[in-house]
Protein chains: 2
Amino acid sequence: MPYASFASMPCTLGRPAALLGERWTLLLLRQIFLGTRRFEDFQATMEISRSVLTDRLNVLLQEGVLKRVPYHDEGRTRHEYRLTEKGRELYPVMMALRTWGEKWMSTEEDESFHLHHRDCGGGVRAKVECTDCGAELSARDVQVTARS
Amino acid sequence: MPYASFASMPCTLGRPAALLGERWTLLLLRQIFLGTRRFEDFQATMEISRSVLTDRLNVLLQEGVLKRVPYHDEGRTRHEYRLTEKGRELYPVMMALRTWGEKWMSTEEDESFHLHHRDCGGGVRAKVECTDCGAELSARDVQVTARS
DNA sequence: GTAGCTGAGTTCGAAAAACGAACGCAAGGA
DNA sequence: TCCTTGCGTTCGTTTTTCGAACTCAGCTAC
């Protein structure tokens, strides 16, 4: 199966993995969650080539992860890229990456931002839990079976 | 910043995003979490080219996400690729992708596997929570500030 | 010994994707 | 009218990926 055709892979983990697994897409989403919204700003902060940036934004628009929203800049109407609800719900994916990065890839020089809960000021972390008993789960606590 | 140099990006979300954001890497991890361990099996199930597969496996070995473990096959010593603890802890990332895929990308034809908690049989989902009060958090509940 | 098989790569020419500099274009301002 | 700005598009070059063929080591059968 060539990479491109994973878009039609009959698997709810495979399709997102293929979508977000294209070069630049995860980094683009990181920028978006950090507040970047305009073409020029993506281009400047990531040094991605303009043509690839156009392509990735279009893919995310088509998938409904982003939407183009008009706004006013000195009287002119322009558009910015913003997360849809579908896009905002990728937050756990980003936080899981960050939680992992904090534990396994952090260095002295990291300038990373701090995240905290608006209401109580606490820290933020991703976890996997059982929908029934609420226990926190690791890969070893979970059984995989083919769909019946 | 060219894509390759994101490996040295001073950000605990950026570096993992760049690492897992290379083409094939997320799909490769999906296979690994589903139990694939051998070169030939990756190659057969994903139809990735052999040279790229070699490269991606080597990157994950170098990063300490995978390890090569000897095993015996009909008297012969061979090696298989297995997750390290660092690798296993990517589980929340995979589950976050799947939780998102279930909600936003599922179709009638999906043949996806079922996951359940070994102890109680319950379902599995990823979430983000506050380390202090334990509340479940969305992007809007979290404040981003530059590190002081 | 040697011929064959198998898993795990390596090599290499062709195709696809990414790069980056230049160009296009529409809206507003001088 | 001409200039600037934001947002792309184009196009020739470089880098990645592809895929088929090749290599190699360890074993089995003869």
# chains A, B, ... in the order shown; residues from 1 in each chain; ligands from 1
call {"tool": "select_by_dssp", "arguments": {"residues": "segment 34-141 of chain A", "states": "strand (DSSP E or B)", "output": "PyMOL selection string"}}
result
chain A and resi 66-73+76-83+114-117+124-130+136
call {"tool": "write_last_selection", "arguments": {"atoms": "C-alpha atoms", "output": "short mmCIF file (atom, residue, chain, number, x, y, z; two decimals), in the first residue's frame"}}
result
data_model
loop_
_atom_site.label_atom_id
_atom_site.label_comp_id
_atom_site.auth_asym_id
_atom_site.auth_seq_id
_atom_site.Cartn_x
_atom_site.Cartn_y
_atom_site.Cartn_z
CA LEU A 66 -8.74 23.87 10.12
CA LYS A 67 -11.04 26.54 8.77
CA ARG A 68 -10.34 29.86 7.07
CA VAL A 69 -11.83 32.74 8.97
CA PRO A 70 -12.02 36.33 7.67
CA TYR A 71 -10.64 39.08 9.90
CA HIS A 72 -9.83 42.75 9.55
CA ASP A 73 -6.34 44.11 9.41
CA ARG A 76 -8.58 45.14 4.81
CA THR A 77 -10.31 41.80 4.90
CA ARG A 78 -7.92 38.90 5.24
CA HIS A 79 -8.17 35.27 6.25
CA GLU A 80 -6.60 33.33 9.02
CA TYR A 81 -6.39 29.61 9.73
CA ARG A 82 -8.10 28.45 12.88
CA LEU A 83 -8.86 25.14 14.47
CA HIS A 114 4.55 26.28 30.70
CA LEU A 115 1.02 24.99 30.65
CA HIS A 116 -1.40 25.25 33.49
CA HIS A 117 -5.03 24.74 34.27
CA VAL A 124 -1.19 19.31 32.52
CA ARG A 125 -0.58 15.76 31.39
CA ALA A 126 -2.01 13.21 29.01
CA LYS A 127 -3.04 9.78 30.13
CA VAL A 128 -4.98 6.73 29.00
CA GLU A 129 -7.81 5.50 31.14
CA CYS A 130 -10.42 2.78 31.31
CA GLU A 136 -4.92 4.63 34.28
#
call {"tool": "interface_residues", "arguments": {"of": "chain B", "to": "chain D", "cutoff": "12 Å", "atoms": "only C-alpha atoms (C1' of nucleotides)", "output": "list of chain:residue names"}}
result
B:Pro2, B:Tyr3, B:Ala4, B:Glu22, B:Arg23, B:Trp24, B:Glu47, B:Ile48, B:Ser49, B:Arg50, B:Ser51, B:Val52, B:Leu53, B:Asp55, B:Asp73, B:Glu74, B:Gly75, B:Arg76, B:Thr77, B:Arg78
call {"tool": "interface_residues", "arguments": {"of": "chain C", "to": "chain B", "cutoff": "10 Å", "atoms": "only C-alpha atoms (C1' of nucleotides)", "output": "list in words"}}
result
DG7, DA8, DG9, DT10, DT11 and DC19 of chain C
call {"tool": "select_by_dssp", "arguments": {"residues": "chain A", "states": "alpha helix (DSSP H)", "output": "PDB file with N, CA and C atoms, in the first residue's frame"}}
result
ATOM      1  N   GLY A  14      -4.964   4.011  12.017  1.00  0.00           N
ATOM      2  CA  GLY A  14      -4.146   4.145  10.815  1.00  0.00           C
ATOM      3  C   GLY A  14      -4.400   5.434  10.047  1.00  0.00           C
ATOM      4  N   ARG A  15      -5.663   5.792   9.877  1.00  0.00           N
ATOM      5  CA  ARG A  15      -5.943   7.004   9.095  1.00  0.00           C
ATOM      6  C   ARG A  15      -5.404   8.255   9.763  1.00  0.00           C
ATOM      7  N   PRO A  16      -5.686   8.479  11.035  1.00  0.00           N
ATOM      8  CA  PRO A  16      -5.076   9.661  11.669  1.00  0.00           C
ATOM      9  C   PRO A  16      -3.550   9.605  11.646  1.00  0.00           C
ATOM     10  N   ALA A  17      -2.988   8.421  11.834  1.00  0.00           N
ATOM     11  CA  ALA A  17      -1.532   8.299  11.836  1.00  0.00           C
ATOM     12  C   ALA A  17      -0.958   8.697  10.477  1.00  0.00           C
ATOM     13  N   ALA A  18      -1.646   8.322   9.413  1.00  0.00           N
ATOM     14  CA  ALA A  18      -1.178   8.671   8.075  1.00  0.00           C
ATOM     15  C   ALA A  18      -1.354  10.173   7.814  1.00  0.00           C
ATOM     16  N   LEU A  19      -2.477  10.702   8.258  1.00  0.00           N
ATOM     17  CA  LEU A  19      -2.732  12.133   8.061  1.00  0.00           C
ATOM     18  C   LEU A  19      -1.709  12.995   8.793  1.00  0.00           C
ATOM     19  N   LEU A  20      -1.518  12.724  10.069  1.00  0.00           N
ATOM     20  CA  LEU A  20      -0.599  13.543  10.868  1.00  0.00           C
ATOM     21  C   LEU A  20       0.850  13.128  10.670  1.00  0.00           C
ATOM     22  N   THR A  25       3.333  18.225   9.224  1.00  0.00           N
ATOM     23  CA  THR A  25       1.968  18.373   9.720  1.00  0.00           C
ATOM     24  C   THR A  25       1.910  18.498  11.238  1.00  0.00           C
ATOM     25  N   LEU A  26       2.657  17.662  11.957  1.00  0.00           N
ATOM     26  CA  LEU A  26       2.635  17.769  13.415  1.00  0.00           C
ATOM     27  C   LEU A  26       3.239  19.081  13.886  1.00  0.00           C
ATOM     28  N   LEU A  27       4.301  19.515  13.210  1.00  0.00           N
ATOM     29  CA  LEU A  27       4.923  20.787  13.598  1.00  0.00           C
ATOM     30  C   LEU A  27       3.988  21.951  13.305  1.00  0.00           C
ATOM     31  N   LEU A  28       3.255  21.836  12.215  1.00  0.00           N
ATOM     32  CA  LEU A  28       2.266  22.854  11.876  1.00  0.00           C
ATOM     33  C   LEU A  28       1.180  22.916  12.958  1.00  0.00           C
ATOM     34  N   LEU A  29       0.710  21.765  13.389  1.00  0.00           N
ATOM     35  CA  LEU A  29      -0.311  21.745  14.430  1.00  0.00           C
ATOM     36  C   LEU A  29       0.231  22.314  15.739  1.00  0.00           C
ATOM     37  N   ARG A  30       1.464  22.009  16.031  1.00  0.00           N
ATOM     38  CA  ARG A  30       2.078  22.605  17.234  1.00  0.00           C
ATOM     39  C   ARG A  30       1.996  24.121  17.163  1.00  0.00           C
ATOM     40  N   GLN A  31       2.405  24.692  16.032  1.00  0.00           N
ATOM     41  CA  GLN A  31       2.346  26.147  15.880  1.00  0.00           C
ATOM     42  C   GLN A  31       0.923  26.657  16.063  1.00  0.00           C
ATOM     43  N   ILE A  32      -0.015  25.949  15.487  1.00  0.00           N
ATOM     44  CA  ILE A  32      -1.408  26.381  15.570  1.00  0.00           C
ATOM     45  C   ILE A  32      -1.889  26.375  17.011  1.00  0.00           C
ATOM     46  N   PHE A  33      -1.561  25.307  17.743  1.00  0.00           N
ATOM     47  CA  PHE A  33      -1.978  25.262  19.147  1.00  0.00           C
ATOM     48  C   PHE A  33      -1.272  26.338  19.972  1.00  0.00           C
ATOM     49  N   PHE A  39      -0.546  32.683   7.318  1.00  0.00           N
ATOM     50  CA  PHE A  39       0.402  32.087   6.380  1.00  0.00           C
ATOM     51  C   PHE A  39       1.827  32.584   6.601  1.00  0.00           C
ATOM     52  N   GLU A  40       1.972  33.887   6.616  1.00  0.00           N
ATOM     53  CA  GLU A  40       3.313  34.462   6.759  1.00  0.00           C
ATOM     54  C   GLU A  40       3.972  34.070   8.071  1.00  0.00           C
ATOM     55  N   ASP A  41       3.155  33.946   9.109  1.00  0.00           N
ATOM     56  CA  ASP A  41       3.721  33.597  10.411  1.00  0.00           C
ATOM     57  C   ASP A  41       4.178  32.145  10.466  1.00  0.00           C
ATOM     58  N   PHE A  42       3.402  31.260   9.853  1.00  0.00           N
ATOM     59  CA  PHE A  42       3.851  29.869   9.756  1.00  0.00           C
ATOM     60  C   PHE A  42       5.164  29.823   8.990  1.00  0.00           C
ATOM     61  N   GLN A  43       5.159  30.510   7.877  1.00  0.00           N
ATOM     62  CA  GLN A  43       6.329  30.468   7.009  1.00  0.00           C
ATOM     63  C   GLN A  43       7.572  30.996   7.729  1.00  0.00           C
ATOM     64  N   ALA A  44       7.382  32.064   8.465  1.00  0.00           N
ATOM     65  CA  ALA A  44       8.520  32.674   9.154  1.00  0.00           C
ATOM     66  C   ALA A  44       9.004  31.814  10.322  1.00  0.00           C
ATOM     67  N   THR A  45       8.103  31.302  11.137  1.00  0.00           N
ATOM     68  CA  THR A  45       8.539  30.599  12.344  1.00  0.00           C
ATOM     69  C   THR A  45       9.038  29.187  12.064  1.00  0.00           C
ATOM     70  N   MET A  46       8.562  28.574  10.994  1.00  0.00           N
ATOM     71  CA  MET A  46       8.977  27.196  10.742  1.00  0.00           C
ATOM     72  C   MET A  46       9.960  27.060   9.588  1.00  0.00           C
ATOM     73  N   ARG A  50       7.070  27.630   0.967  1.00  0.00           N
ATOM     74  CA  ARG A  50       5.717  28.157   0.798  1.00  0.00           C
ATOM     75  C   ARG A  50       4.799  27.157   0.115  1.00  0.00           C
ATOM     76  N   SER A  51       5.327  26.441  -0.855  1.00  0.00           N
ATOM     77  CA  SER A  51       4.462  25.515  -1.591  1.00  0.00           C
ATOM     78  C   SER A  51       4.024  24.345  -0.711  1.00  0.00           C
ATOM     79  N   VAL A  52       4.922  23.839   0.111  1.00  0.00           N
ATOM     80  CA  VAL A  52       4.547  22.740   1.007  1.00  0.00           C
ATOM     81  C   VAL A  52       3.578  23.247   2.075  1.00  0.00           C
ATOM     82  N   LEU A  53       3.816  24.458   2.557  1.00  0.00           N
ATOM     83  CA  LEU A  53       2.902  25.027   3.538  1.00  0.00           C
ATOM     84  C   LEU A  53       1.490  25.131   2.959  1.00  0.00           C
ATOM     85  N   THR A  54       1.397  25.636   1.750  1.00  0.00           N
ATOM     86  CA  THR A  54       0.098  25.708   1.072  1.00  0.00           C
ATOM     87  C   THR A  54      -0.566  24.341   1.021  1.00  0.00           C
ATOM     88  N   ASP A  55       0.218  23.347   0.634  1.00  0.00           N
ATOM     89  CA  ASP A  55      -0.329  21.999   0.517  1.00  0.00           C
ATOM     90  C   ASP A  55      -0.832  21.472   1.853  1.00  0.00           C
ATOM     91  N   ARG A  56      -0.024  21.592   2.899  1.00  0.00           N
ATOM     92  CA  ARG A  56      -0.410  21.047   4.206  1.00  0.00           C
ATOM     93  C   ARG A  56      -1.631  21.762   4.778  1.00  0.00           C
ATOM     94  N   LEU A  57      -1.675  23.074   4.604  1.00  0.00           N
ATOM     95  CA  LEU A  57      -2.847  23.809   5.086  1.00  0.00           C
ATOM     96  C   LEU A  57      -4.091  23.339   4.345  1.00  0.00           C
ATOM     97  N   ASN A  58      -3.959  23.129   3.038  1.00  0.00           N
ATOM     98  CA  ASN A  58      -5.110  22.680   2.264  1.00  0.00           C
ATOM     99  C   ASN A  58      -5.592  21.297   2.678  1.00  0.00           C
ATOM    100  N   VAL A  59      -4.647  20.412   2.964  1.00  0.00           N
ATOM    101  CA  VAL A  59      -5.038  19.082   3.434  1.00  0.00           C
ATOM    102  C   VAL A  59      -5.816  19.199   4.741  1.00  0.00           C
ATOM    103  N   LEU A  60      -5.310  20.017   5.661  1.00  0.00           N
ATOM    104  CA  LEU A  60      -5.981  20.156   6.953  1.00  0.00           C
ATOM    105  C   LEU A  60      -7.334  20.854   6.807  1.00  0.00           C
ATOM    106  N   LEU A  61      -7.446  21.767   5.849  1.00  0.00           N
ATOM    107  CA  LEU A  61      -8.746  22.375   5.563  1.00  0.00           C
ATOM    108  C   LEU A  61      -9.716  21.319   5.034  1.00  0.00           C
ATOM    109  N   GLN A  62      -9.241  20.540   4.090  1.00  0.00           N
ATOM    110  CA  GLN A  62     -10.091  19.509   3.483  1.00  0.00           C
ATOM    111  C   GLN A  62     -10.557  18.486   4.502  1.00  0.00           C
ATOM    112  N   GLU A  85     -13.654  22.474  15.697  1.00  0.00           N
ATOM    113  CA  GLU A  85     -13.800  21.643  16.891  1.00  0.00           C
ATOM    114  C   GLU A  85     -13.022  20.337  16.697  1.00  0.00           C
ATOM    115  N   LYS A  86     -13.138  19.776  15.496  1.00  0.00           N
ATOM    116  CA  LYS A  86     -12.374  18.559  15.181  1.00  0.00           C
ATOM    117  C   LYS A  86     -10.879  18.787  15.412  1.00  0.00           C
ATOM    118  N   GLY A  87     -10.408  19.937  14.987  1.00  0.00           N
ATOM    119  CA  GLY A  87      -9.003  20.266  15.179  1.00  0.00           C
ATOM    120  C   GLY A  87      -8.645  20.456  16.646  1.00  0.00           C
ATOM    121  N   ARG A  88      -9.488  21.171  17.385  1.00  0.00           N
ATOM    122  CA  ARG A  88      -9.185  21.402  18.804  1.00  0.00           C
ATOM    123  C   ARG A  88      -9.101  20.095  19.570  1.00  0.00           C
ATOM    124  N   TYR A  91      -6.049  18.100  20.701  1.00  0.00           N
ATOM    125  CA  TYR A  91      -5.280  18.533  21.858  1.00  0.00           C
ATOM    126  C   TYR A  91      -4.672  17.376  22.656  1.00  0.00           C
ATOM    127  N   PRO A  92      -5.439  16.320  22.915  1.00  0.00           N
ATOM    128  CA  PRO A  92      -4.816  15.207  23.654  1.00  0.00           C
ATOM    129  C   PRO A  92      -3.623  14.597  22.918  1.00  0.00           C
ATOM    130  N   VAL A  93      -3.645  14.602  21.600  1.00  0.00           N
ATOM    131  CA  VAL A  93      -2.505  14.071  20.855  1.00  0.00           C
ATOM    132  C   VAL A  93      -1.278  14.942  21.120  1.00  0.00           C
ATOM    133  N   MET A  94      -1.471  16.253  21.019  1.00  0.00           N
ATOM    134  CA  MET A  94      -0.354  17.172  21.268  1.00  0.00           C
ATOM    135  C   MET A  94       0.150  17.038  22.706  1.00  0.00           C
ATOM    136  N   MET A  95      -0.774  16.952  23.638  1.00  0.00           N
ATOM    137  CA  MET A  95      -0.368  16.875  25.041  1.00  0.00           C
ATOM    138  C   MET A  95       0.313  15.553  25.345  1.00  0.00           C
ATOM    139  N   ALA A  96      -0.125  14.487  24.661  1.00  0.00           N
ATOM    140  CA  ALA A  96       0.542  13.198  24.863  1.00  0.00           C
ATOM    141  C   ALA A  96       1.978  13.283  24.339  1.00  0.00           C
ATOM    142  N   LEU A  97       2.151  13.953  23.208  1.00  0.00           N
ATOM    143  CA  LEU A  97       3.508  14.137  22.679  1.00  0.00           C
ATOM    144  C   LEU A  97       4.359  14.937  23.651  1.00  0.00           C
ATOM    145  N   ARG A  98       3.752  15.973  24.198  1.00  0.00           N
ATOM    146  CA  ARG A  98       4.503  16.830  25.105  1.00  0.00           C
ATOM    147  C   ARG A  98       4.845  16.123  26.415  1.00  0.00           C
ATOM    148  N   THR A  99       3.865  15.418  26.948  1.00  0.00           N
ATOM    149  CA  THR A  99       4.111  14.672  28.189  1.00  0.00           C
ATOM    150  C   THR A  99       5.280  13.696  27.976  1.00  0.00           C
ATOM    151  N   TRP A 100       5.268  13.049  26.832  1.00  0.00           N
ATOM    152  CA  TRP A 100       6.348  12.111  26.500  1.00  0.00           C
ATOM    153  C   TRP A 100       7.676  12.851  26.322  1.00  0.00           C
ATOM    154  N   GLY A 101       7.622  13.947  25.609  1.00  0.00           N
ATOM    155  CA  GLY A 101       8.827  14.744  25.375  1.00  0.00           C
ATOM    156  C   GLY A 101       9.434  15.248  26.674  1.00  0.00           C
ATOM    157  N   GLU A 102       8.592  15.675  27.607  1.00  0.00           N
ATOM    158  CA  GLU A 102       9.079  16.159  28.901  1.00  0.00           C
ATOM    159  C   GLU A 102       9.846  15.065  29.630  1.00  0.00           C
ATOM    160  N   LYS A 103       9.297  13.855  29.554  1.00  0.00           N
ATOM    161  CA  LYS A 103       9.925  12.768  30.292  1.00  0.00           C
ATOM    162  C   LYS A 103      11.170  12.229  29.606  1.00  0.00           C
ATOM    163  N   TRP A 104      11.098  12.098  28.273  1.00  0.00           N
ATOM    164  CA  TRP A 104      12.133  11.337  27.572  1.00  0.00           C
ATOM    165  C   TRP A 104      13.048  12.144  26.663  1.00  0.00           C
TER     166      TRP A 104
END
call {"tool": "closest_residue", "arguments": {"among": "B:Asp119, B:Glu63, B:Gly134, B:Asp110", "to": "chain A", "atoms": "only C-alpha atoms"}}
result
B:Asp110
call {"tool": "atom_distance", "arguments": {"atom1": "atom CA of Val65 of chain B", "atom2": "atom CA of Ala146 of chain B"}}
result
28.9 Å
call {"tool": "closest_residue", "arguments": {"among": "A:Gly121, A:Arg140, A:Thr12, A:Ala135", "to": "chain B", "atoms": "only C-alpha atoms"}}
result
A:Thr12
call {"tool": "decode", "arguments": {"residues": "segment 4-111 of chain B", "atoms": "C-alpha atoms", "output": "mmCIF file, in the first residue's frame"}}
result
data_model
loop_
_atom_site.group_PDB
_atom_site.id
_atom_site.type_symbol
_atom_site.label_atom_id
_atom_site.label_comp_id
_atom_site.auth_asym_id
_atom_site.auth_seq_id
_atom_site.Cartn_x
_atom_site.Cartn_y
_atom_site.Cartn_z
ATOM 1 C CA ALA B 4 16.127 17.921 9.681
ATOM 2 C CA SER B 5 17.332 20.374 12.281
ATOM 3 C CA PHE B 6 14.165 20.189 14.338
ATOM 4 C CA ALA B 7 15.919 17.333 16.091
ATOM 5 C CA SER B 8 17.758 20.035 18.020
ATOM 6 C CA MET B 9 14.759 22.291 18.544
ATOM 7 C CA PRO B 10 14.654 23.470 22.155
ATOM 8 C CA CYS B 11 11.075 22.397 22.763
ATOM 9 C CA THR B 12 9.694 19.276 24.379
ATOM 10 C CA LEU B 13 6.731 19.239 22.042
ATOM 11 C CA GLY B 14 8.631 20.225 18.897
ATOM 12 C CA ARG B 15 11.250 17.500 19.076
ATOM 13 C CA PRO B 16 8.828 14.608 19.465
ATOM 14 C CA ALA B 17 6.612 16.161 16.799
ATOM 15 C CA ALA B 18 9.526 16.292 14.380
ATOM 16 C CA LEU B 19 10.652 12.761 15.227
ATOM 17 C CA LEU B 20 7.230 11.150 14.834
ATOM 18 C CA GLY B 21 6.288 13.490 12.027
ATOM 19 C CA GLU B 22 8.481 11.840 9.428
ATOM 20 C CA ARG B 23 6.600 9.898 6.833
ATOM 21 C CA TRP B 24 5.947 6.269 7.882
ATOM 22 C CA THR B 25 7.069 6.676 11.489
ATOM 23 C CA LEU B 26 3.606 6.855 13.055
ATOM 24 C CA LEU B 27 2.364 4.009 10.888
ATOM 25 C CA LEU B 28 5.412 2.008 11.868
ATOM 26 C CA LEU B 29 4.679 2.597 15.549
ATOM 27 C CA ARG B 30 1.084 1.561 15.015
ATOM 28 C CA GLN B 31 2.294 -1.765 13.609
ATOM 29 C CA ILE B 32 4.676 -2.203 16.498
ATOM 30 C CA PHE B 33 1.969 -1.595 19.088
ATOM 31 C CA LEU B 34 -0.159 -4.142 17.230
ATOM 32 C CA GLY B 35 2.618 -6.674 17.667
ATOM 33 C CA THR B 36 4.691 -6.590 14.484
ATOM 34 C CA ARG B 37 8.356 -7.134 15.267
ATOM 35 C CA ARG B 38 10.204 -8.354 12.216
ATOM 36 C CA PHE B 39 11.600 -6.575 9.216
ATOM 37 C CA GLU B 40 9.809 -8.780 6.724
ATOM 38 C CA ASP B 41 6.507 -8.362 8.518
ATOM 39 C CA PHE B 42 6.717 -4.576 8.514
ATOM 40 C CA GLN B 43 7.618 -4.655 4.877
ATOM 41 C CA ALA B 44 4.761 -6.962 3.983
ATOM 42 C CA THR B 45 1.997 -5.319 6.005
ATOM 43 C CA MET B 46 2.825 -1.712 5.175
ATOM 44 C CA GLU B 47 4.326 -1.968 1.703
ATOM 45 C CA ILE B 48 6.992 0.482 2.720
ATOM 46 C CA SER B 49 10.145 0.368 0.636
ATOM 47 C CA ARG B 50 12.902 -1.661 2.231
ATOM 48 C CA SER B 51 15.410 1.164 2.262
ATOM 49 C CA VAL B 52 13.070 3.598 4.003
ATOM 50 C CA LEU B 53 12.050 0.914 6.478
ATOM 51 C CA THR B 54 15.716 0.372 7.322
ATOM 52 C CA ASP B 55 16.163 4.087 7.817
ATOM 53 C CA ARG B 56 13.116 4.566 10.059
ATOM 54 C CA LEU B 57 13.944 1.564 12.211
ATOM 55 C CA ASN B 58 17.478 2.885 12.650
ATOM 56 C CA VAL B 59 16.217 6.311 13.690
ATOM 57 C CA LEU B 60 13.926 4.736 16.281
ATOM 58 C CA LEU B 61 16.779 2.542 17.509
ATOM 59 C CA GLN B 62 19.042 5.555 17.826
ATOM 60 C CA GLU B 63 16.415 7.482 19.729
ATOM 61 C CA GLY B 64 15.987 4.554 22.079
ATOM 62 C CA VAL B 65 12.353 3.960 21.168
ATOM 63 C CA LEU B 66 13.108 0.477 19.840
ATOM 64 C CA LYS B 67 15.697 -2.149 20.674
ATOM 65 C CA ARG B 68 16.926 -5.159 18.721
ATOM 66 C CA VAL B 69 16.404 -8.355 20.625
ATOM 67 C CA PRO B 70 17.805 -11.743 19.570
ATOM 68 C CA TYR B 71 15.400 -14.639 19.327
ATOM 69 C CA HIS B 72 15.469 -18.181 18.018
ATOM 70 C CA ASP B 73 13.705 -19.277 14.878
ATOM 71 C CA GLU B 74 14.156 -22.924 13.967
ATOM 72 C CA GLY B 75 17.530 -23.079 15.613
ATOM 73 C CA ARG B 76 18.754 -19.853 14.035
ATOM 74 C CA THR B 77 19.471 -16.686 15.932
ATOM 75 C CA ARG B 78 17.664 -13.704 14.508
ATOM 76 C CA HIS B 79 16.750 -10.255 15.763
ATOM 77 C CA GLU B 80 13.446 -8.584 16.255
ATOM 78 C CA TYR B 81 12.498 -4.992 16.966
ATOM 79 C CA ARG B 82 10.767 -4.368 20.264
ATOM 80 C CA LEU B 83 9.686 -1.321 22.187
ATOM 81 C CA THR B 84 11.871 -0.048 24.982
ATOM 82 C CA GLU B 85 10.224 1.505 28.025
ATOM 83 C CA LYS B 86 10.618 4.868 26.289
ATOM 84 C CA GLY B 87 8.843 3.399 23.296
ATOM 85 C CA ARG B 88 6.050 1.803 25.309
ATOM 86 C CA GLU B 89 5.349 5.165 26.865
ATOM 87 C CA LEU B 90 4.309 6.458 23.465
ATOM 88 C CA TYR B 91 1.132 4.521 24.127
ATOM 89 C CA PRO B 92 -0.835 7.619 25.156
ATOM 90 C CA VAL B 93 0.103 9.250 21.849
ATOM 91 C CA MET B 94 -1.238 6.283 19.906
ATOM 92 C CA MET B 95 -4.361 6.102 22.026
ATOM 93 C CA ALA B 96 -4.974 9.814 21.641
ATOM 94 C CA LEU B 97 -4.777 9.368 17.878
ATOM 95 C CA ARG B 98 -7.163 6.465 18.040
ATOM 96 C CA THR B 99 -9.623 8.179 20.343
ATOM 97 C CA TRP B 100 -9.656 11.087 17.896
ATOM 98 C CA GLY B 101 -9.956 8.777 14.894
ATOM 99 C CA GLU B 102 -12.906 6.953 16.462
ATOM 100 C CA LYS B 103 -14.758 10.193 16.950
ATOM 101 C CA TRP B 104 -13.839 12.109 13.807
ATOM 102 C CA MET B 105 -12.690 9.718 11.126
ATOM 103 C CA SER B 106 -14.579 6.490 11.597
ATOM 104 C CA THR B 107 -16.492 4.901 8.738
ATOM 105 C CA GLU B 108 -18.750 1.894 8.292
ATOM 106 C CA GLU B 109 -15.966 -0.163 6.755
ATOM 107 C CA ASP B 110 -13.515 0.154 9.603
ATOM 108 C CA GLU B 111 -12.179 -3.193 10.644
#
